[in-house]
$ cat target_1.cif   # mmCIF, C-alpha atoms
data_protein
#
loop_
_atom_site.label_atom_id
_atom_site.label_comp_id
_atom_site.auth_asym_id
_atom_site.auth_seq_id
_atom_site.Cartn_x
_atom_site.Cartn_y
_atom_site.Cartn_z
CA MET L 1 39.73 -55.68 9.12
CA SER L 2 38.77 -56.77 5.66
CA ALA L 3 36.34 -54.79 3.60
CA SER L 4 32.80 -56.08 3.23
CA GLY L 5 31.47 -57.64 0.04
CA LEU L 6 29.74 -54.40 -0.80
CA ALA L 7 33.03 -52.57 -0.73
CA GLU L 8 34.46 -55.03 -3.22
CA SER L 9 31.60 -54.65 -5.63
CA THR L 10 31.56 -50.87 -5.50
CA SER L 11 35.30 -50.41 -5.88
CA SER L 12 35.90 -48.82 -9.24
CA ALA L 13 39.48 -49.76 -10.04
CA PRO L 14 39.83 -53.40 -11.01
CA GLY L 15 42.45 -55.37 -9.14
CA ARG L 16 43.09 -52.61 -6.66
CA ARG L 17 44.65 -55.06 -4.23
CA SER L 18 46.79 -56.75 -6.85
CA SER L 19 50.57 -56.88 -6.64
CA PRO L 20 52.90 -54.12 -7.88
CA LEU L 21 54.36 -56.60 -10.37
CA LEU L 22 50.96 -56.95 -12.03
CA TRP L 23 50.63 -53.16 -12.27
CA TYR L 24 54.05 -52.59 -13.81
CA GLY L 25 53.69 -55.58 -16.14
CA GLY L 26 50.19 -54.52 -17.12
CA THR L 27 51.36 -50.97 -17.85
CA ALA L 28 54.21 -52.25 -20.04
CA ALA L 29 51.88 -54.59 -21.93
CA ALA L 30 49.32 -51.83 -22.42
CA LEU L 31 52.03 -49.51 -23.80
CA MET L 32 53.16 -52.12 -26.32
CA LEU L 33 49.58 -52.76 -27.38
CA TRP L 34 49.14 -48.99 -27.72
CA PHE L 35 52.09 -48.66 -30.13
CA GLY L 36 50.90 -51.66 -32.15
CA VAL L 37 47.42 -50.24 -32.63
CA TYR L 38 48.75 -46.71 -33.26
CA MET L 39 50.95 -47.92 -36.13
CA GLY L 40 47.98 -49.61 -37.78
CA LEU L 41 45.68 -46.58 -37.71
CA LYS L 42 46.64 -45.02 -41.02
CA PRO L 43 46.17 -48.11 -43.21
CA ALA L 44 42.96 -48.97 -41.35
CA ALA L 45 41.51 -45.49 -41.99
CA GLU L 46 42.49 -45.63 -45.67
CA ALA L 47 40.95 -49.09 -46.04
CA LEU L 48 37.77 -47.94 -44.34
CA THR L 49 37.51 -44.85 -46.57
CA GLY L 50 38.05 -47.10 -49.58
CA LEU L 51 34.99 -49.13 -48.64
CA LEU L 52 32.75 -46.05 -48.84
CA PRO L 53 31.09 -45.12 -52.14
CA VAL L 54 33.04 -41.83 -52.34
CA ALA L 55 36.01 -41.04 -54.55
CA ARG L 56 39.12 -40.90 -52.34
CA GLU L 57 40.39 -37.78 -54.11
CA SER L 58 37.13 -35.88 -53.80
CA ARG L 59 36.61 -33.22 -51.14
CA LEU L 60 34.26 -35.44 -49.19
CA GLY L 61 36.72 -38.31 -49.48
CA GLU L 62 39.52 -36.09 -48.11
CA ALA L 63 37.35 -34.97 -45.22
CA ILE L 64 36.22 -38.50 -44.35
CA ALA L 65 39.73 -39.93 -44.49
CA PHE L 66 40.95 -37.12 -42.22
CA PHE L 67 38.17 -37.74 -39.73
CA LEU L 68 38.58 -41.52 -39.66
CA TYR L 69 42.33 -41.28 -39.16
CA ASP L 70 42.43 -38.35 -36.77
CA THR L 71 39.72 -39.41 -34.33
CA PRO L 72 41.38 -42.58 -33.03
CA LYS L 73 44.81 -41.01 -33.36
CA VAL L 74 43.96 -37.99 -31.24
CA LEU L 75 42.09 -40.05 -28.66
CA MET L 76 44.97 -42.50 -28.32
CA LEU L 77 47.59 -39.77 -28.06
CA LEU L 78 45.50 -37.96 -25.51
CA ALA L 79 45.06 -41.09 -23.41
CA LEU L 80 48.80 -41.71 -23.39
CA VAL L 81 49.77 -38.13 -22.63
CA VAL L 82 47.21 -37.71 -19.88
CA PHE L 83 48.26 -40.98 -18.27
CA ALA L 84 51.93 -39.99 -18.32
CA MET L 85 51.20 -36.53 -16.98
CA GLY L 86 48.91 -37.97 -14.31
CA VAL L 87 51.87 -39.98 -13.05
CA VAL L 88 54.18 -36.95 -13.19
CA GLN L 89 51.63 -34.71 -11.49
CA SER L 90 51.32 -37.13 -8.59
CA PHE L 91 54.69 -35.72 -7.54
CA PHE L 92 53.23 -32.22 -7.42
CA SER L 93 50.21 -30.84 -5.66
CA PRO L 94 48.79 -27.33 -5.45
CA GLU L 95 49.59 -27.36 -1.72
CA LYS L 96 53.22 -28.19 -2.32
CA THR L 97 53.42 -25.62 -5.10
CA ARG L 98 52.02 -22.99 -2.81
CA ALA L 99 54.45 -23.83 -0.06
CA PHE L 100 57.27 -23.69 -2.58
CA LEU L 101 56.21 -20.34 -4.02
CA SER L 102 55.46 -18.56 -0.78
CA GLY L 103 58.27 -16.24 0.14
CA ARG L 104 59.60 -16.11 -3.42
CA ARG L 105 60.37 -12.72 -4.81
CA GLU L 106 59.01 -11.41 -8.04
CA GLY L 107 61.13 -12.17 -11.05
CA ALA L 108 62.43 -15.61 -10.12
CA GLY L 109 59.04 -16.27 -8.55
CA ASN L 110 57.30 -15.53 -11.85
CA VAL L 111 59.53 -17.97 -13.70
CA MET L 112 59.00 -20.73 -11.14
CA ALA L 113 55.25 -20.11 -10.96
CA ALA L 114 54.88 -20.40 -14.72
CA GLY L 115 56.90 -23.62 -14.78
CA LEU L 116 54.94 -25.12 -11.91
CA GLY L 117 51.76 -24.13 -13.73
CA ILE L 118 52.51 -26.90 -16.21
CA LEU L 119 53.39 -29.56 -13.66
CA THR L 120 50.76 -28.94 -11.01
CA PRO L 121 47.39 -30.62 -11.52
CA PHE L 122 44.96 -27.83 -12.21
CA CYS L 123 41.31 -27.67 -13.09
CA SER L 124 39.57 -24.41 -13.82
CA CYS L 125 36.89 -25.30 -11.26
CA SER L 126 39.44 -24.90 -8.48
CA ALA L 127 40.98 -21.74 -9.92
CA ILE L 128 39.36 -19.60 -7.22
CA PRO L 129 40.33 -21.62 -4.14
CA LEU L 130 43.80 -21.77 -5.64
CA PHE L 131 43.96 -18.05 -6.24
CA ILE L 132 42.79 -17.29 -2.71
CA GLY L 133 45.14 -19.86 -1.24
CA PHE L 134 48.09 -18.28 -3.03
CA VAL L 135 47.16 -14.77 -1.96
CA GLN L 136 46.69 -15.95 1.63
CA ALA L 137 50.11 -17.53 1.67
CA GLY L 138 51.58 -14.14 0.81
CA ILE L 139 52.57 -15.06 -2.74
CA PRO L 140 52.79 -11.79 -4.71
CA LEU L 141 49.86 -11.08 -7.02
CA GLY L 142 52.06 -11.05 -10.12
CA VAL L 143 53.55 -14.46 -9.27
CA THR L 144 50.05 -15.85 -8.72
CA PHE L 145 49.05 -14.55 -12.12
CA SER L 146 52.04 -16.16 -13.80
CA PHE L 147 50.77 -19.46 -12.43
CA LEU L 148 47.16 -18.80 -13.39
CA ILE L 149 48.09 -17.83 -16.95
CA ALA L 150 50.45 -20.74 -17.55
CA ALA L 151 48.31 -23.47 -15.98
CA PRO L 152 45.45 -23.51 -18.50
CA MET L 153 47.48 -22.34 -21.51
CA VAL L 154 50.57 -24.52 -21.42
CA ASN L 155 48.99 -27.72 -20.20
CA GLU L 156 49.90 -31.32 -20.81
CA VAL L 157 47.03 -31.91 -23.20
CA ALA L 158 48.05 -28.97 -25.40
CA LEU L 159 51.72 -29.90 -25.44
CA GLY L 160 51.12 -33.61 -25.96
CA LEU L 161 48.72 -33.13 -28.82
CA LEU L 162 50.84 -30.46 -30.53
CA PHE L 163 53.78 -32.80 -30.23
CA GLY L 164 51.86 -35.70 -31.72
CA LEU L 165 49.88 -33.91 -34.40
CA VAL L 166 51.90 -30.90 -35.49
CA GLY L 167 55.46 -31.83 -34.58
CA TRP L 168 57.93 -31.35 -31.77
CA GLN L 169 59.28 -28.04 -33.10
CA VAL L 170 55.90 -26.33 -32.81
CA ALA L 171 55.25 -27.96 -29.42
CA LEU L 172 58.57 -26.64 -28.14
CA LEU L 173 57.94 -23.15 -29.52
CA TYR L 174 54.49 -23.15 -27.95
CA LEU L 175 55.99 -24.22 -24.62
CA ALA L 176 58.68 -21.54 -24.72
CA PHE L 177 56.45 -18.68 -25.79
CA GLY L 178 53.52 -19.74 -23.62
CA LEU L 179 55.83 -19.66 -20.61
CA GLY L 180 57.23 -16.35 -21.83
CA VAL L 181 53.78 -14.76 -21.99
CA ALA L 182 52.89 -16.09 -18.51
CA ILE L 183 56.16 -14.87 -16.97
CA VAL L 184 56.13 -11.42 -18.55
CA ALA L 185 52.40 -10.78 -18.11
CA GLY L 186 52.56 -11.85 -14.44
CA TRP L 187 55.61 -9.71 -13.86
CA VAL L 188 53.96 -6.65 -15.43
CA ILE L 189 50.82 -7.15 -13.33
CA GLY L 190 53.01 -7.36 -10.23
CA ARG L 191 54.81 -4.13 -11.18
CA LEU L 192 51.52 -2.27 -11.35
CA HIS L 193 50.96 -2.72 -7.59
CA ILE L 194 47.23 -3.05 -7.90
CA ASP L 195 46.52 -5.41 -5.02
CA SER L 196 43.70 -3.08 -4.04
CA TRP L 197 41.86 -4.22 -7.15
CA LEU L 198 41.15 -7.57 -5.60
CA GLN L 199 37.62 -7.96 -4.31
CA ASP L 200 37.44 -6.63 -0.76
CA TRP L 201 36.59 -9.93 0.89
CA VAL L 202 39.68 -11.53 -0.60
CA ARG L 203 41.89 -8.83 0.86
CA GLU L 204 40.28 -9.21 4.27
CA LEU L 205 41.07 -12.93 4.15
CA ASN L 206 44.60 -11.97 3.29
CA ALA L 207 44.82 -9.79 6.38
CA THR L 208 43.59 -12.50 8.72
CA GLY L 209 46.04 -14.99 7.24
CA GLY L 210 45.77 -18.27 9.08
CA CYS L 211 46.24 -21.51 7.28
CA CYS L 212 46.43 -25.16 7.91
CA ARG L 213 48.16 -28.02 6.24
CA VAL L 214 47.07 -31.26 4.68
CA ALA L 215 48.47 -34.53 5.94
CA GLU L 216 50.81 -35.86 3.27
CA ASP L 217 50.02 -39.40 2.24
CA GLU L 218 52.85 -41.79 1.65
CA ILE L 219 52.50 -42.60 -1.99
CA THR L 220 53.82 -45.68 -3.77
CA GLY L 221 54.72 -46.31 -7.39
CA VAL L 222 51.54 -48.31 -7.95
CA GLU L 223 49.61 -45.47 -6.40
CA ARG L 224 51.09 -43.11 -8.99
CA LEU L 225 50.17 -45.43 -11.85
CA ARG L 226 46.67 -45.63 -10.43
CA GLU L 227 46.51 -41.86 -10.30
CA GLY L 228 47.62 -41.66 -13.92
CA LEU L 229 44.91 -44.13 -14.86
CA ALA L 230 42.31 -42.19 -12.91
CA SER L 231 43.16 -38.88 -14.55
CA MET L 232 43.19 -40.57 -17.95
CA ARG L 233 39.72 -41.95 -17.37
CA GLU L 234 38.44 -38.64 -16.11
CA ILE L 235 39.98 -36.32 -18.69
CA VAL L 236 39.39 -38.49 -21.74
CA GLY L 237 35.83 -39.09 -20.52
CA ARG L 238 35.29 -35.36 -20.22
CA VAL L 239 36.93 -34.04 -23.37
CA TRP L 240 36.07 -36.59 -26.05
CA PRO L 241 33.03 -34.68 -27.32
CA TRP L 242 35.28 -31.62 -27.75
CA ILE L 243 37.73 -33.71 -29.69
CA LEU L 244 35.08 -35.05 -32.03
CA ALA L 245 33.77 -31.52 -32.62
CA GLY L 246 37.30 -30.21 -33.19
CA ILE L 247 38.14 -32.98 -35.63
CA ALA L 248 34.88 -32.48 -37.50
CA VAL L 249 35.72 -28.79 -37.94
CA GLY L 250 39.27 -29.74 -38.89
CA ALA L 251 37.97 -32.27 -41.42
CA GLY L 252 35.71 -29.61 -42.92
CA ILE L 253 38.65 -27.23 -43.27
CA HIS L 254 40.74 -30.03 -44.68
CA GLY L 255 38.27 -30.97 -47.38
CA TYR L 256 36.54 -27.73 -48.26
CA VAL L 257 38.58 -24.62 -47.49
CA PRO L 258 40.79 -23.77 -50.45
CA ALA L 259 44.43 -23.15 -49.60
CA GLU L 260 44.64 -19.77 -51.33
CA LEU L 261 41.71 -18.45 -49.29
CA MET L 262 43.48 -19.59 -46.13
CA ALA L 263 46.69 -17.89 -47.21
CA ARG L 264 44.77 -14.68 -47.78
CA ILE L 265 42.96 -14.56 -44.43
CA MET L 266 45.40 -16.34 -42.14
CA GLY L 267 48.67 -16.04 -44.05
CA ALA L 268 51.70 -14.14 -42.82
CA GLU L 269 51.00 -11.29 -45.27
CA ALA L 270 47.72 -10.37 -43.60
CA TRP L 271 49.00 -8.54 -40.50
CA TRP L 272 45.50 -7.93 -39.17
CA SER L 273 44.87 -11.64 -38.95
CA VAL L 274 46.75 -11.89 -35.64
CA PRO L 275 44.52 -9.49 -33.66
CA ALA L 276 41.49 -10.92 -35.46
CA ALA L 277 42.47 -14.46 -34.42
CA ILE L 278 42.84 -13.33 -30.80
CA GLY L 279 39.50 -11.50 -30.86
CA LEU L 280 37.88 -14.61 -32.27
CA GLY L 281 39.55 -16.81 -29.68
CA ILE L 282 38.36 -15.03 -26.52
CA PRO L 283 34.63 -15.79 -26.70
CA MET L 284 35.35 -19.31 -27.95
CA TYR L 285 35.35 -21.77 -25.15
CA SER L 286 37.13 -24.95 -25.92
CA ASN L 287 39.93 -26.88 -24.42
CA ALA L 288 43.23 -27.88 -25.90
CA ALA L 289 41.85 -31.20 -27.04
CA GLY L 290 39.17 -29.56 -29.16
CA ILE L 291 41.32 -26.80 -30.58
CA ILE L 292 44.39 -28.72 -31.70
CA PRO L 293 42.75 -30.75 -34.50
CA VAL L 294 41.59 -27.38 -35.87
CA VAL L 295 45.10 -25.96 -35.50
CA GLU L 296 46.49 -28.98 -37.35
CA ALA L 297 44.11 -28.47 -40.26
CA LEU L 298 44.76 -24.70 -40.38
CA LEU L 299 48.54 -25.15 -40.51
CA ASP L 300 48.16 -27.86 -43.10
CA LYS L 301 46.28 -25.44 -45.34
CA GLY L 302 49.00 -22.84 -45.09
CA ALA L 303 47.83 -20.62 -42.25
CA ALA L 304 50.73 -18.71 -40.71
CA LEU L 305 52.22 -20.27 -37.59
CA GLY L 306 52.09 -17.07 -35.53
CA THR L 307 48.46 -16.41 -36.33
CA THR L 308 47.49 -19.98 -35.54
CA LEU L 309 49.40 -20.10 -32.25
CA ALA L 310 47.96 -16.73 -31.22
CA PHE L 311 44.49 -18.12 -31.89
CA MET L 312 45.19 -21.20 -29.80
CA MET L 313 46.69 -19.22 -26.93
CA SER L 314 43.78 -16.82 -26.75
CA VAL L 315 41.23 -19.64 -26.78
CA LEU L 316 43.01 -21.35 -23.90
CA ALA L 317 44.31 -18.45 -21.80
CA LEU L 318 41.57 -15.87 -22.23
CA SER L 319 38.27 -17.66 -22.11
CA LEU L 320 35.07 -15.92 -21.14
CA PRO L 321 34.01 -18.59 -18.61
CA GLU L 322 37.32 -18.21 -16.80
CA ILE L 323 36.90 -14.45 -16.76
CA VAL L 324 33.44 -14.88 -15.25
CA ILE L 325 34.87 -17.13 -12.54
CA LEU L 326 37.72 -14.70 -11.82
CA ARG L 327 35.21 -11.88 -11.44
CA LYS L 328 34.40 -13.32 -8.00
CA VAL L 329 37.86 -12.46 -6.70
CA LEU L 330 39.02 -9.64 -8.98
CA LYS L 331 37.45 -6.27 -9.54
CA GLY L 332 36.46 -5.46 -13.10
CA ARG L 333 39.42 -3.12 -13.54
CA LEU L 334 41.88 -5.84 -12.68
CA ILE L 335 40.20 -8.24 -15.12
CA ALA L 336 40.48 -5.63 -17.86
CA VAL L 337 44.18 -5.18 -17.07
CA PHE L 338 44.67 -8.95 -17.04
CA VAL L 339 43.00 -9.39 -20.44
CA ALA L 340 44.87 -6.42 -21.91
CA ILE L 341 48.30 -7.57 -20.74
CA VAL L 342 47.88 -11.23 -21.67
CA GLY L 343 46.33 -10.19 -24.99
CA THR L 344 49.29 -7.94 -25.74
CA GLY L 345 51.67 -10.78 -24.91
CA ILE L 346 49.90 -13.15 -27.27
CA LEU L 347 49.79 -10.49 -29.97
CA SER L 348 53.55 -10.04 -29.74
CA VAL L 349 54.10 -13.79 -29.99
CA GLY L 350 51.86 -13.93 -33.07
CA PHE L 351 53.65 -11.10 -34.84
CA LEU L 352 57.09 -12.36 -33.88
CA PHE L 353 56.37 -15.82 -35.26
CA ASN L 354 54.90 -14.53 -38.48
CA PHE L 355 57.93 -12.30 -38.86
CA LEU L 356 60.43 -15.07 -38.14
CA PHE L 357 58.76 -17.87 -40.09
CA GLY L 358 56.56 -15.97 -42.53
CA MET A 359 28.26 -38.41 15.37
CA LYS A 360 30.81 -37.40 12.79
CA ASP A 361 30.77 -33.89 11.46
CA VAL A 362 31.81 -34.13 7.82
CA LYS A 363 32.21 -31.21 5.44
CA VAL A 364 32.86 -31.41 1.71
CA LEU A 365 34.52 -28.23 0.48
CA GLY A 366 34.05 -27.36 -3.17
CA PRO A 367 32.33 -24.80 -5.38
CA GLY A 368 30.03 -27.46 -6.84
CA CYS A 369 31.97 -29.14 -9.58
CA LYS A 370 31.19 -32.71 -10.57
CA ARG A 371 34.00 -34.19 -8.55
CA CYS A 372 32.71 -32.47 -5.42
CA GLU A 373 29.32 -34.11 -5.87
CA THR A 374 30.96 -37.49 -6.45
CA THR A 375 33.01 -37.03 -3.30
CA GLU A 376 29.90 -36.28 -1.29
CA ALA A 377 28.16 -39.38 -2.66
CA MET A 378 31.23 -41.50 -1.85
CA LEU A 379 31.21 -40.21 1.71
CA ARG A 380 27.53 -40.98 2.15
CA ASN A 381 28.00 -44.49 0.77
CA ALA A 382 30.99 -45.15 3.00
CA ALA A 383 29.20 -43.88 6.11
CA THR A 384 26.17 -46.07 5.41
CA ARG A 385 28.31 -49.08 4.65
CA LEU A 386 30.38 -48.73 7.80
CA GLY A 387 27.31 -47.97 9.87
CA ILE A 388 28.76 -44.66 11.04
CA GLU A 389 26.45 -41.85 11.90
CA ALA A 390 27.64 -38.78 10.06
CA GLN A 391 26.29 -35.39 9.27
CA ILE A 392 27.54 -34.58 5.80
CA GLU A 393 27.44 -31.00 4.69
CA LYS A 394 28.61 -29.25 1.54
CA VAL A 395 30.49 -25.98 1.77
CA THR A 396 30.35 -24.01 -1.46
CA ASP A 397 31.15 -20.49 -0.28
CA TYR A 398 34.61 -19.46 -1.44
CA ALA A 399 35.41 -17.48 1.67
CA ALA A 400 34.47 -20.44 3.88
CA ILE A 401 36.54 -22.81 1.73
CA ALA A 402 39.48 -20.45 1.94
CA SER A 403 39.22 -20.29 5.74
CA TYR A 404 40.35 -23.94 5.83
CA GLY A 405 43.45 -23.05 3.85
CA VAL A 406 42.44 -25.34 1.02
CA VAL A 407 44.02 -24.72 -2.37
CA SER A 408 42.42 -27.45 -4.43
CA THR A 409 38.95 -28.89 -4.30
CA PRO A 410 37.15 -31.09 -3.45
CA ALA A 411 38.47 -31.17 0.08
CA ILE A 412 37.17 -33.09 3.09
CA VAL A 413 37.04 -31.88 6.68
CA ILE A 414 36.09 -34.38 9.38
CA ASP A 415 35.44 -33.10 12.89
CA GLY A 416 37.27 -29.90 12.06
CA ARG A 417 40.35 -31.68 10.70
CA LEU A 418 41.32 -31.30 7.07
CA VAL A 419 42.00 -34.83 5.79
CA HIS A 420 42.01 -34.45 2.03
CA ALA A 421 42.35 -31.79 -0.66
CA GLY A 422 42.23 -32.05 -4.43
CA GLY A 423 40.79 -34.79 -6.57
CA LEU A 424 38.65 -37.75 -5.70
CA PRO A 425 39.58 -39.49 -2.48
CA ARG A 426 40.48 -43.18 -2.47
CA GLU A 427 37.84 -45.42 -1.02
CA GLU A 428 40.10 -47.18 1.48
CA ALA A 429 41.34 -43.84 2.76
CA LEU A 430 37.77 -42.66 3.09
CA ASP A 431 36.89 -45.62 5.31
CA GLU A 432 39.91 -44.94 7.45
CA TRP A 433 39.08 -41.25 7.95
CA LEU A 434 35.50 -42.04 8.88
CA ALA A 435 36.40 -44.87 11.22
CA THR A 436 39.00 -42.99 13.28
#
$ encode --input "target_1.cif" --output "structure tokens"
Amino acid sequence: MSASGLAESTSSAPGRRSSPLLWYGGTAAALMLWFGVYMGLKPAAEALTGLLPVARESRLGEAIAFFLYDTPKVLMLLALVVFAMGVVQSFFSPEKTRAFLSGRREGAGNVMAAGLGILTPFCSCSAIPLFIGFVQAGIPLGVTFSFLIAAPMVNEVALGLLFGLVGWQVALLYLAFGLGVAIVAGWVIGRLHIDSWLQDWVRELNATGGCCRVAEDEITGVERLREGLASMREIVGRVWPWILAGIAVGAGIHGYVPAELMARIMGAEAWWSVPAAIGLGIPMYSNAAGIIPVVEALLDKGAALGTTLAFMMSVLALSLPEIVILRKVLKGRLIAVFVAIVGTGILSVGFLFNFLFG
Amino acid sequence: MKDVKVLGPGCKRCETTEAMLRNAATRLGIEAQIEKVTDYAAIASYGVVSTPAIVIDGRLVHAGGLPREEALDEWLAT
């Protein structure tokens, strides 16, 4: 039976009944167009800044040029990365991840959970159902935590933007140490055997067990592309104000903060800057897209890598809103332990980096 | 009469899913009672890991992300 006219007009994706060939061809054409436009961004931003009645070498000129170049660059990179990851994530689902992790022992389970945290689509609004679902399936608490720490901290947006803006070396280091923190912190939490610090109703659910399964849809290649497109539309639509804010702050740092001041407060010499950066990061709520333009500007001005990465990790992994959400399933003591252990992990990463690259 | 439940703590996608269900039911002329379930314990009792999820007549048909419109029609019609 064919859909009614109303269905056609309300359908959101254009050409949803078009052939696979059109989808693959369209994707290839869009990618080529993307690279063409991306290459032209720098000259376009310089030309645009040149038109303004500001000296290019002045502080304001520096800030404006940074903003005009970075805004389209970050948005375009984000769109590409989110699309690609949307396609990759269509191979993974939280349900599959749970099935995969249930029955795993601690240790190997922590490593796998942290890795799957990157690949499984995750939104902080479903952190609680996910947490409960994992606990119900008998996944050890520590393994669940490895997943919950890695998922928001080492996400595709963070990695993609670090890769594009700061360089692949830093992106790789962030990936490795982010995973390290998630694995070790989860493992330590598991070792503490503090399952009784879950809220009582969660433990009662655990006792009753019982679980059902979702019918798996057969999914085609076009379907995956469509999913990538959908997540691109959703994520870019949601985070662009954060990006603009982040770039504006970055532009301000770029134009106005003197490098020697930065070296003094965020340089490798100032050991206290690492804990200070973490303390500052916790109450800040932002997402990777908003924080990375700031990180780029900080590094550019000579802030130490360890301090900057510690700041970024604490903003992403230890945010107050997430703590408030977790409060529904964890008792206060367990939250304190969680924050302390993850904080210690981040602190070690910060010091280690400053020591190695300072 | 279809008994439809949308499971989700109340994020934007959950609201969109509910609206999509209402639209689809009206369009197909299917009588449906659509209810939102926001309580975490109730959501968990369906074994759902990601939200929004859809339960129709006690059967879990979807979990995680926005449903596709064609699939929605199918679930409601059967």
$ resolve_selection --input "target_1.cif" --expression "the PyMOL selection byres ((chain L and resi 202) around 9)" --output "PDB file with C-alpha atoms, keeping the file's coordinate frame"
ATOM      1  CA  ILE L 132      42.790 -17.290  -2.710  1.00  0.00           C
ATOM      2  CA  VAL L 135      47.160 -14.770  -1.960  1.00  0.00           C
ATOM      3  CA  GLN L 136      46.690 -15.950   1.630  1.00  0.00           C
ATOM      4  CA  LEU L 198      41.150  -7.570  -5.600  1.00  0.00           C
ATOM      5  CA  GLN L 199      37.620  -7.960  -4.310  1.00  0.00           C
ATOM      6  CA  ASP L 200      37.440  -6.630  -0.760  1.00  0.00           C
ATOM      7  CA  TRP L 201      36.590  -9.930   0.890  1.00  0.00           C
ATOM      8  CA  ARG L 203      41.890  -8.830   0.860  1.00  0.00           C
ATOM      9  CA  GLU L 204      40.280  -9.210   4.270  1.00  0.00           C
ATOM     10  CA  LEU L 205      41.070 -12.930   4.150  1.00  0.00           C
ATOM     11  CA  ASN L 206      44.600 -11.970   3.290  1.00  0.00           C
ATOM     12  CA  ALA L 207      44.820  -9.790   6.380  1.00  0.00           C
ATOM     13  CA  VAL L 329      37.860 -12.460  -6.700  1.00  0.00           C
ATOM     14  CA  LEU L 330      39.020  -9.640  -8.980  1.00  0.00           C
TER      15      LEU L 330
ATOM     16  CA  ALA A 399      35.410 -17.480   1.670  1.00  0.00           C
TER      17      ALA A 399
END
$ interface_residues --input "target_1.cif" --of "chain A" --to "chain L" --cutoff "8 Å" --atoms "only C-alpha atoms" --output "JSON, numbers by chain"
{"A": [366, 367, 369, 385, 398, 399, 401, 402, 403, 404, 405, 406, 407, 408, 409, 418, 419, 420, 421, 427]}
$ resolve_selection --input "target_1.cif" --expression "the PyMOL selection byres ((chain L and resi 146) around 12)" --output "NGL selection string"
:L and (101 or 106-118 or 131 or 134 or 139-145 or 147-154 or 178-190 or 317 or 338 or 341-342)
$ resolve_selection --input "target_1.cif" --expression "the PyMOL selection byres ((chain L and resi 251-260) around 12)" --output "PyMOL selection string"
chain L and resi 56-71+243-250+261-267+293-304
$ atom_distance --input "target_1.cif" --atom1 "CA of Val315 (chain L)" --atom2 "CA of Val337 (chain L)"
17.7 Å
$ closest_residue --input "target_1.cif" --among "L:Ile282, L:Met32, L:Leu225, L:Leu78" --to "Leu162 (chain L)" --atoms "all atoms listed in the file"
L:Leu78
$ atom_distance --input "target_1.cif" --atom1 "CA of Thr308 (chain L)" --atom2 "CA of Ala277 (chain L)"
7.5 Å
$ atom_distance --input "target_1.cif" --atom1 "CA of Thr344 (chain L)" --atom2 "CA of Leu119 (chain L)"
25.1 Å
$ closest_residue --input "target_1.cif" --among "A:Thr384, A:Thr436, A:Thr396, A:Gln391" --to "Cys372 (chain A)" --atoms "only C-alpha atoms"
A:Thr396
$ axis_aligned_box --input "target_1.cif" --around "region 146-155 of chain L" --padding-each-side "3 Å" --output "JSON"
{"center_x": 48.7, "center_y": -21.9, "center_z": -17.0, "size_x": 12.6, "size_y": 17.6, "size_z": 15.1}
